[in-house]
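Working notes, structure below.
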Amino acid sequence: EQAQARFDALIDKDSRVEPRDWMPAPYRKTLTRQVSQHAHSEIIGMQPEANWITRAPSLKRKSILMAKVQDEAGHGLYLYSAAETLGTPRDELNEQLLTGRAKYSSIFNYPARSWADMGAIGWLVDGAAIANQVPLCRASYGPYGRAMVRICKEESFHQRQGFEILLSLSRGTEAQKKMAQDAVNRFYEPSLMMFGPPDDQSPNSKQSMAWNIKRFSNDELRQRFVGMIAEQVKVLGLTLPDPELRFDEEKKQWIHKDLNWDEFMAVIKGNGPVNAQRLERRREAHREGAWVREAAAAYAAKQAQSEVA
Amino acid sequence: EQAQARFDALIDKDSRVEPRDWMPAPYRKTLTRQVSQHAHSEIIGMQPEANWITRAPSLKRKSILMAKVQDEAGHGLYLYSAAETLGTPRDELNEQLLTGRAKYSSIFNYPARSWADMGAIGWLVDGAAIANQVPLCRASYGPYGRAMVRICKEESFHQRQGFEILLSLSRGTEAQKKMAQDAVNRFYEPSLMMFGPPDDQSPNSKQSMAWNIKRFSNDELRQRFVGMIAEQVKVLGLTLPDPELRFDEEKKQWIHKDLNWDEFMAVIKGNGPVNAQRLERRREAHREGAWVREAAAAYAAKQAQSEVA
Amino acid sequence: SDEVAAYALTLGDDSLILAQRLSHWISRGPELEEDIALGNIALDVLGHARSFLTYAGLAMGKTEDDLAYWREEEEFTSLWMVEQPNGHFGVTIVRQLILSIYQHLLYSKLAESADETLAAIAAKAVKEVDYHRDHSIMWTIRLGLGTEESAEKMRHALEILWPYVDEMFLDEEIHRTLPEVAVLPSSLREDWDKEISAVLADAGLEIPATGQAMAHGRRGEHSEHLGYILAEMQVLARKHPGATW
Amino acid sequence: SDEVAAYALTLGDDSLILAQRLSHWISRGPELEEDIALGNIALDVLGHARSFLTYAGLAMGKTEDDLAYWREEEEFTSLWMVEQPNGHFGVTIVRQLILSIYQHLLYSKLAESADETLAAIAAKAVKEVDYHRDHSIMWTIRLGLGTEESAEKMRHALEILWPYVDEMFLDEEIHRTLPEVAVLPSSLREDWDKEISAVLADAGLEIPATGQAMAHGRRGEHSEHLGYILAEMQVLARKHPGATW
């Protein structure tokens with residue numbers, strides 16, 4: 001009871017909960033799920049971009065792309081560490097991913113079909129991620145908030161790189177511009193859905209906001225994001241595939257087309273274009289790497305033994 | 001003694017020795033080595049051409065090339081069967097190949113670097129093989145001779161296809177013609193060496209000739225081959241990389257440049273450009289296929305058992 | 001007509017990409033006999049591709065090679081199933097089982113198409129596909145019932161390939177506009193389900209409980225694999241535009 | 001000078017092809033930490049490639065991208081060792097061990113080259129390669145002494161890679177014409193032998209008794225792998241001649 005009161009007080013004054021602090025089981029569970037899903041998303045999110053590293057059309061772009069995918073692996077690592085401070089070991093989190101019990105961001109279940117997707121993913125997907133994540137830097141759980149600070153800094157760098165890729169393409173040849181527009185067309189709607197279902201269909205959001213994990217509702221975040229890209233797309237000289245998009249001065253909000261939530265749900269359930277491929281790639285890496293991990297463990301054990309002896 | 005006399009008589013009247021007949025151990029050993037080397041050569045010889053199947057520049061050529069490589073696998077099968085009639089099972093012959101104890105034709109230890117190599121291999125390598133093999137159709141060991149009849153028919157078809165590839169290239173663009181000439185340059189000398197060392201350095205030839213396995217000496221066969229390609233290269237509109245090449249009217253023989261027998265010996269010893277790669281590919285296929293062969297054997301055993309029951 | 005050509009193209013593309021995948025096995029099979037068997041299947045399938053592409057090209061003023069080597073990824077109409085990697089031998093066998101049962105049903109119907117050329121190509125192809133089907137059924141049973149390891153590998157193969165099954169039976173505009181000529185993919189599903197279920201039952205295997213990928217190869221929306229396949233297949237031809245081989 | 005550019009090109013090509021090979025590991029490593037480590041190595045090596053190619057291009061009036069994307073196979077000068085496939089993790093580690101010990105010796109000497117630019121690139125690179133070397137030594141020891149299986153895999157890796165060792169130390173015309181500038185490859189052999197022998201001994205492994213391939217990548221005579229590597233690497237750039245990215 002005292003512990004619960006202390007926890008409530010921390011939340012009330014918008015302070016940080018740290019790993020040593022007592023916390024209610026549902027808070028721990030919610031956070032573990034959210035942080036590990038976020039970690040899994042970083043890891044699975046490496047794949048669409050890794051798909052273009054060997055084919056990047058200039059050495060500079062290849063180098064930037066490699067560094068970006070590296071950063072994502074790094075983000076995955078911080079986030080797994082943050083999740084571990086909540087009491088679930090990384091092996092177990094990984095197991096949840098490989099067996100399909102844990103989710104990751106649905107956007108990565110769409111294929112990266114062209115080089116322009118490296119731009120669209122950077123601009124739209126990382127852009128939406130940032131909109132989601134900036135408020136998380138103030139999340140009530142300390143290790144998560146601190147990880148987000150570091151991640152957001154790198155993500156905004158990635159977003160700018162994505163924007164630059166699209167800008168180069170849209171200022172390039174006809175074929176390049178077409179490639180860029182096609183990528184934006186394919187990623188626009190899925191990126192808007194990255195913020196989750198409309199507020200009236202998002203029952204868990206309220207509790208997360210009460211716990212100071214979430215700071216803004218799904219729709220609020222989506223609004224910010226749409227507003228941002230609606231401006232930026234003009235600089236790119238491209239269009240968003242949404243003829244209905246406009247700012248409603250009366251309601252003071254952006255009106256966009258109806259999003260295909262049926263598809264969203266289908267993708268979440270495992271029926272997206274490349275869900276199966278993404279998971280199998282993870283499983284394959286895990287399977288093929290088993291002998292390496294075993295050897296490393298055996299070697300470490302022998303070393304420990306010989307130090308004792 | 002009686003058996004030896006019967007064998008000698010068969011050889012004397014240039015008849016065929018059949019598997020049921022008694023034969024001297026050295027005859028059996030020599031033949032087993034020769035036939036299995038020949039089989040191994042067919043199998044390893046699939047690799048340089050398989051290297052271009054997925055990249056063949058027209059569907060017709062792709063189809064012809066696939067059929068050719070298939071034929072080689074088929075030749076390998078006949079020849080292993082012929083070798084098995086001499087008492088060594090195929091598994092054992094395969095083991096000799098994989099462990100590097102058995103040899104195969106050295107020419108396949110050169111890489112197939114360009115599409116034109118498909119032409120040069122067909123024209124020169126298959127051409128030399130035919131020159132070697134046509135007399136083997138009359139080899140004293142029945143199963144070998146009969147296998148050779150079938151093989152030679154297909155090989156001459158392959159040689160014509162190789163010639164046609166080169167002809168198309170030499171009549172094509174400058175780049176194609178250059179590609180063709182380059183391939184001929186690389187395969188000319190190794191193909192001449194396919195007949196083996198000069199007669200005065202080929203100690204085993206004499207016994208093979210006495211046994212009616214070999215019908216012509218290495219140099220005789222090489223002469224025939226050089227004469228043939230020296231004519232054909234004119235039709236191709238290409239040149240042989242041998243400024244010394246000419247027919248000596250006095251000696252009634254072709255004079256060609258000195259061949260690099262040091263390189264030949266190095267390649268035979270395992271130091272050619274792709275010896276290691278060729279063997280490793282075979283080993284890899286064998287290793288990766290182990291579970292399939294085991295499963296097939298286990299299934300066959302279960303079937304046999306259920307038929308008995 | 002343009003529609004018939006577009007339909008022939010879909011059949012040609014499936015076969016072309018499948019042949020390209022299968023041909024990689026030549027010189028890499030688990031035993032010599034399989035190098036020959038898979039090579040023969042690849043050769044047959046390439047033959048079908050050439051017939052369909054040649055026919056499609058007639059209406060378009062293009063050759064089979066124009067269509068194979070000079071189209072971009074989004075112009076290809078192949079199914080995701082044919083684009084899937086070879087994986088281990090069991091994956092190739094399961095893919096071939098899925099596809100040869102499918103093609104056998106498809107070509108059997110297509111042999112009665114109102115389009116005489118398509119009917120003739122299909123009538124010839126169906127006999128060859130009959131052998132491909134037998135071959136993959138035989139191996140499915142052997143591997144399904146062989147060892148623990150082989151059964152496990154076959155289960156895995158089914159799991160990674162099954163998500164691309166539904167796409168094979170999607171009816172597209174092109175099928176609906178040619179009711180007398182084209183075979184409606186959805187019309188094959190029932191027989192296909194029956195046939196493959198029977199084979200899997202014989203092999204001690206089950207249809208896996210996987211999701212279904214939103215695959216739309218017919219619309220030019222391909223798996224991430226196709227780009228790599230085409231890069232390799234087209235590399236030489238594209239270095240020599242206009243050349244004859 | 002043209003000779004210095006040609007020499008820089010050989011160094012750039014080795015690094016470029018090696019980076020291309022290594023980068024394939026990103027998202028496929030045996031553990032997340034290795035995705036990062038191999039990715040960092042790939043990124044460093046790509047950086048070296050860019051420095052050398054940019055410098056080579058200066059004398060030729062070409063950019064790094066002209067050199068990377070618009071040369072044909074026979075114009076590349078890479079060693080066969082860098083072209084070898086990744087194989088399993090042990091193969092990649094052994095290849096990296098062989099190459100990073102080599103590059104460490106090479107760049108240490110090159111840092112004293114009479115050519116200031118090459119010396120500067122090498123002085124920077126040597127520090128990074130030092131880490132690559134440590135990383136591959138550590139893994140060689142772990143895997144050599146880890147389990148029976150890992151030791152066997154390392155022996156296998158050594159066997160399939162060793163045939164390409166001699167080529168690394170071949171002196172070519174280009175090295176001899178630049179005595180003050182270029183490092184004579186043969187001059188590195190003794191130290192390399194000592195160093196790698198010590199590592200292998202620590203790892204319970206031996207130098208395998210294989211033949212040596214007649215490899216002459218410096219002369220544009222490449223392994224059968226390079227064509228595939230380039231087809232993939234260059235495919236996109238070549239579809240858009242003259243484009244900026």
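In the structure tokens, each chain is lettered A, B, ... as it comes, each chain's residues begin at 1, and ligands are numbered from 1 in order of appearance.
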Q.
Please check the contacts: residues of chain D at most 7 Å away from chain A, using only C-alpha atoms, listed as a list in words.
A.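 Every residue meeting the condition is included here: Gln20, Ile26, Ser27, Arg28, Gly29, Pro30, Leu32, Ile36, Gly39, Leu43, Asp65, Arg142, Leu143, Leu145, Gly146, Thr147, Ser150, Glu232, Met233, Gln234, Val235, Leu236, Ala237, Ala243, Thr244 and Trp245 of chain D.
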Q) Near segment 186-189 of chain C, within 12 Å and counting only C-alpha atoms, which residues show up once chain neighbours fewer than 2 positions away are dropped, as number ranges by chain? A) C: 98, 101-110, 165-172, 175-176, 179, 182-184, 191-197
Just the selected residues (C-alpha atoms), exported as a PDB file, in the first residue's frame, please.
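Everything below was put into again-v7.pdb:
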```pdb
ATOM      1  CA  ILE C  98       2.475 -26.810 -54.883  1.00  0.00           C
ATOM      2  CA  ILE C 101      -0.328 -29.734 -58.941  1.00  0.00           C
ATOM      3  CA  TYR C 102      -1.504 -26.215 -59.743  1.00  0.00           C
ATOM      4  CA  GLN C 103      -0.093 -26.164 -63.251  1.00  0.00           C
ATOM      5  CA  HIS C 104      -1.437 -29.613 -63.963  1.00  0.00           C
ATOM      6  CA  LEU C 105      -4.961 -28.501 -63.153  1.00  0.00           C
ATOM      7  CA  LEU C 106      -4.469 -25.212 -64.956  1.00  0.00           C
ATOM      8  CA  TYR C 107      -3.058 -26.639 -68.159  1.00  0.00           C
ATOM      9  CA  SER C 108      -5.640 -29.433 -68.223  1.00  0.00           C
ATOM     10  CA  LYS C 109      -8.353 -26.799 -68.384  1.00  0.00           C
ATOM     11  CA  LEU C 110      -6.398 -24.463 -70.603  1.00  0.00           C
ATOM     12  CA  VAL C 165      -0.745 -20.132 -51.792  1.00  0.00           C
ATOM     13  CA  ASP C 166      -3.810 -17.883 -51.834  1.00  0.00           C
ATOM     14  CA  GLU C 167      -2.335 -15.584 -54.447  1.00  0.00           C
ATOM     15  CA  MET C 168      -2.225 -18.447 -56.936  1.00  0.00           C
ATOM     16  CA  PHE C 169      -6.012 -18.603 -56.930  1.00  0.00           C
ATOM     17  CA  LEU C 170      -6.831 -14.889 -57.128  1.00  0.00           C
ATOM     18  CA  ASP C 171      -9.012 -13.947 -60.059  1.00  0.00           C
ATOM     19  CA  GLU C 172      -7.807 -10.761 -61.701  1.00  0.00           C
ATOM     20  CA  HIS C 175      -9.040 -13.595 -66.244  1.00  0.00           C
ATOM     21  CA  ARG C 176     -12.528 -12.160 -66.109  1.00  0.00           C
ATOM     22  CA  PRO C 179     -14.039 -16.064 -70.008  1.00  0.00           C
ATOM     23  CA  ALA C 182      -8.456 -17.912 -69.675  1.00  0.00           C
ATOM     24  CA  VAL C 183      -8.792 -20.330 -66.800  1.00  0.00           C
ATOM     25  CA  LEU C 184     -10.268 -18.639 -63.748  1.00  0.00           C
ATOM     26  CA  ASP C 191      -9.353 -29.649 -56.755  1.00  0.00           C
ATOM     27  CA  TRP C 192      -5.984 -28.337 -55.736  1.00  0.00           C
ATOM     28  CA  ASP C 193      -6.907 -28.432 -52.059  1.00  0.00           C
ATOM     29  CA  LYS C 194      -8.114 -31.997 -52.385  1.00  0.00           C
ATOM     30  CA  GLU C 195      -5.095 -33.171 -54.259  1.00  0.00           C
ATOM     31  CA  ILE C 196      -2.437 -31.576 -52.106  1.00  0.00           C
ATOM     32  CA  SER C 197      -4.197 -32.591 -48.899  1.00  0.00           C
TER      33      SER C 197
END
```
DSSP-assigned alpha helix (DSSP H) members of segment 154-229 of chain B, reported as an mmCIF file with C-alpha atoms, in the first residue's frame:
```cif
data_model
loop_
_atom_site.group_PDB
_atom_site.id
_atom_site.type_symbol
_atom_site.label_atom_id
_atom_site.label_comp_id
_atom_site.auth_asym_id
_atom_site.auth_seq_id
_atom_site.Cartn_x
_atom_site.Cartn_y
_atom_site.Cartn_z
ATOM 1 C CA GLU B 154 26.049 -36.166 -77.958
ATOM 2 C CA GLU B 155 29.445 -34.557 -77.642
ATOM 3 C CA SER B 156 29.671 -33.765 -81.316
ATOM 4 C CA PHE B 157 26.305 -32.114 -81.023
ATOM 5 C CA HIS B 158 27.693 -30.055 -78.124
ATOM 6 C CA GLN B 159 30.754 -29.153 -80.096
ATOM 7 C CA ARG B 160 28.630 -27.801 -82.907
ATOM 8 C CA GLN B 161 26.634 -25.751 -80.418
ATOM 9 C CA GLY B 162 29.836 -24.290 -79.024
ATOM 10 C CA PHE B 163 31.005 -23.454 -82.501
ATOM 11 C CA GLU B 164 27.687 -21.722 -83.183
ATOM 12 C CA ILE B 165 27.987 -19.641 -80.030
ATOM 13 C CA LEU B 166 31.404 -18.417 -81.133
ATOM 14 C CA LEU B 167 30.182 -17.831 -84.661
ATOM 15 C CA SER B 168 27.302 -15.670 -83.445
ATOM 16 C CA LEU B 169 29.682 -13.695 -81.266
ATOM 17 C CA SER B 170 32.316 -13.215 -83.928
ATOM 18 C CA GLU B 174 32.827 -5.483 -81.538
ATOM 19 C CA ALA B 175 32.401 -6.270 -77.836
ATOM 20 C CA GLN B 176 31.019 -9.711 -78.641
ATOM 21 C CA LYS B 177 33.823 -10.486 -81.036
ATOM 22 C CA LYS B 178 36.384 -9.402 -78.487
ATOM 23 C CA MET B 179 34.723 -11.646 -75.906
ATOM 24 C CA ALA B 180 34.932 -14.590 -78.306
ATOM 25 C CA GLN B 181 38.583 -14.011 -79.139
ATOM 26 C CA ASP B 182 39.458 -13.669 -75.479
ATOM 27 C CA ALA B 183 37.795 -16.978 -74.675
ATOM 28 C CA VAL B 184 39.618 -18.748 -77.496
ATOM 29 C CA ASN B 185 42.878 -17.227 -76.291
ATOM 30 C CA ARG B 186 42.348 -18.619 -72.817
ATOM 31 C CA PHE B 187 41.202 -22.093 -73.786
ATOM 32 C CA TYR B 188 43.496 -22.838 -76.722
ATOM 33 C CA GLU B 189 46.564 -24.000 -74.855
ATOM 34 C CA PRO B 190 44.775 -25.868 -72.065
ATOM 35 C CA SER B 191 42.728 -27.709 -74.707
ATOM 36 C CA LEU B 192 45.885 -28.856 -76.514
ATOM 37 C CA MET B 193 47.165 -30.147 -73.198
ATOM 38 C CA SER B 205 50.391 -44.992 -73.033
ATOM 39 C CA LYS B 206 52.203 -47.988 -74.456
ATOM 40 C CA GLN B 207 50.500 -50.516 -72.188
ATOM 41 C CA SER B 208 47.111 -48.948 -72.821
ATOM 42 C CA MET B 209 47.693 -49.272 -76.529
ATOM 43 C CA ALA B 210 48.747 -52.877 -76.163
ATOM 44 C CA ASN B 218 48.829 -38.380 -77.290
ATOM 45 C CA ASP B 219 50.754 -36.557 -79.987
ATOM 46 C CA GLU B 220 48.839 -38.220 -82.791
ATOM 47 C CA LEU B 221 45.555 -37.151 -81.298
ATOM 48 C CA ARG B 222 46.841 -33.656 -80.639
ATOM 49 C CA GLN B 223 47.900 -33.398 -84.282
ATOM 50 C CA ARG B 224 44.441 -34.317 -85.516
ATOM 51 C CA PHE B 225 42.850 -31.813 -83.189
ATOM 52 C CA VAL B 226 45.147 -28.950 -84.069
ATOM 53 C CA GLY B 227 44.580 -29.608 -87.730
ATOM 54 C CA MET B 228 40.859 -29.488 -87.228
ATOM 55 C CA ILE B 229 40.696 -26.277 -85.222
#
```
Q.
Can you tell me, as an NGL selection string, which residues in segment 71-258 of chain A count as strand (DSSP E) by DSSP?
A. :A and (246-248 or 253-255)
Could you write out the selected residues, including all heavy atoms, as a PDB file, in the first residue's frame?
```pdb
ATOM      1  N   ARG A 246      -6.682  18.110 -46.456  1.00  0.00           N
ATOM      2  CA  ARG A 246      -6.768  19.574 -46.341  1.00  0.00           C
ATOM      3  C   ARG A 246      -6.825  19.931 -44.847  1.00  0.00           C
ATOM      4  O   ARG A 246      -7.195  19.101 -44.011  1.00  0.00           O
ATOM      5  CB  ARG A 246      -8.005  20.108 -47.040  1.00  0.00           C
ATOM      6  CG  ARG A 246      -9.294  19.645 -46.401  1.00  0.00           C
ATOM      7  CD  ARG A 246     -10.535  20.027 -47.168  1.00  0.00           C
ATOM      8  NE  ARG A 246     -11.686  19.367 -46.540  1.00  0.00           N
ATOM      9  CZ  ARG A 246     -12.376  19.853 -45.497  1.00  0.00           C
ATOM     10  NH1 ARG A 246     -12.057  21.026 -44.951  1.00  0.00           N
ATOM     11  NH2 ARG A 246     -13.379  19.178 -44.973  1.00  0.00           N
ATOM     12  N   PHE A 247      -6.471  21.187 -44.566  1.00  0.00           N
ATOM     13  CA  PHE A 247      -6.569  21.649 -43.183  1.00  0.00           C
ATOM     14  C   PHE A 247      -7.926  22.327 -43.003  1.00  0.00           C
ATOM     15  O   PHE A 247      -8.251  23.284 -43.701  1.00  0.00           O
ATOM     16  CB  PHE A 247      -5.441  22.626 -42.851  1.00  0.00           C
ATOM     17  CG  PHE A 247      -5.396  22.973 -41.397  1.00  0.00           C
ATOM     18  CD1 PHE A 247      -4.935  22.035 -40.465  1.00  0.00           C
ATOM     19  CD2 PHE A 247      -5.823  24.216 -40.925  1.00  0.00           C
ATOM     20  CE1 PHE A 247      -4.895  22.342 -39.108  1.00  0.00           C
ATOM     21  CE2 PHE A 247      -5.788  24.517 -39.570  1.00  0.00           C
ATOM     22  CZ  PHE A 247      -5.313  23.572 -38.667  1.00  0.00           C
ATOM     23  N   ASP A 248      -8.703  21.823 -42.097  1.00  0.00           N
ATOM     24  CA  ASP A 248     -10.017  22.392 -41.849  1.00  0.00           C
ATOM     25  C   ASP A 248      -9.876  23.521 -40.836  1.00  0.00           C
ATOM     26  O   ASP A 248      -9.632  23.291 -39.649  1.00  0.00           O
ATOM     27  CB  ASP A 248     -10.945  21.296 -41.316  1.00  0.00           C
ATOM     28  CG  ASP A 248     -12.376  21.783 -41.202  1.00  0.00           C
ATOM     29  OD1 ASP A 248     -12.578  22.930 -40.718  1.00  0.00           O
ATOM     30  OD2 ASP A 248     -13.283  21.032 -41.600  1.00  0.00           O
ATOM     31  N   GLN A 253      -8.204  21.257 -37.727  1.00  0.00           N
ATOM     32  CA  GLN A 253      -7.521  19.956 -37.853  1.00  0.00           C
ATOM     33  C   GLN A 253      -7.405  19.500 -39.295  1.00  0.00           C
ATOM     34  O   GLN A 253      -8.095  19.987 -40.193  1.00  0.00           O
ATOM     35  CB  GLN A 253      -8.219  18.891 -37.008  1.00  0.00           C
ATOM     36  CG  GLN A 253      -9.593  18.530 -37.524  1.00  0.00           C
ATOM     37  CD  GLN A 253     -10.221  17.390 -36.730  1.00  0.00           C
ATOM     38  OE1 GLN A 253      -9.809  17.114 -35.590  1.00  0.00           O
ATOM     39  NE2 GLN A 253     -11.186  16.716 -37.297  1.00  0.00           N
ATOM     40  N   TRP A 254      -6.452  18.573 -39.502  1.00  0.00           N
ATOM     41  CA  TRP A 254      -6.224  18.018 -40.829  1.00  0.00           C
ATOM     42  C   TRP A 254      -7.266  16.935 -41.097  1.00  0.00           C
ATOM     43  O   TRP A 254      -7.524  16.086 -40.253  1.00  0.00           O
ATOM     44  CB  TRP A 254      -4.825  17.404 -40.929  1.00  0.00           C
ATOM     45  CG  TRP A 254      -3.764  18.452 -40.987  1.00  0.00           C
ATOM     46  CD1 TRP A 254      -3.121  19.022 -39.946  1.00  0.00           C
ATOM     47  CD2 TRP A 254      -3.260  19.068 -42.165  1.00  0.00           C
ATOM     48  NE1 TRP A 254      -2.226  19.963 -40.373  1.00  0.00           N
ATOM     49  CE2 TRP A 254      -2.283  20.013 -41.752  1.00  0.00           C
ATOM     50  CE3 TRP A 254      -3.521  18.938 -43.542  1.00  0.00           C
ATOM     51  CZ2 TRP A 254      -1.575  20.802 -42.657  1.00  0.00           C
ATOM     52  CZ3 TRP A 254      -2.805  19.720 -44.438  1.00  0.00           C
ATOM     53  CH2 TRP A 254      -1.857  20.646 -44.000  1.00  0.00           C
ATOM     54  N   ILE A 255      -7.824  17.031 -42.317  1.00  0.00           N
ATOM     55  CA  ILE A 255      -8.758  16.000 -42.743  1.00  0.00           C
ATOM     56  C   ILE A 255      -8.007  15.138 -43.767  1.00  0.00           C
ATOM     57  O   ILE A 255      -7.433  15.657 -44.727  1.00  0.00           O
ATOM     58  CB  ILE A 255      -9.984  16.630 -43.460  1.00  0.00           C
ATOM     59  CG1 ILE A 255     -10.595  17.730 -42.599  1.00  0.00           C
ATOM     60  CG2 ILE A 255     -10.993  15.553 -43.833  1.00  0.00           C
ATOM     61  CD1 ILE A 255     -11.163  17.258 -41.287  1.00  0.00           C
TER      62      ILE A 255
END
```
Q: Find the residues around Val181 of chain C up to 7 Å (only C-alpha atoms counted), leave out those fewer than 4 positions away in its own chain, and share them as a count of residues only.
A: 3
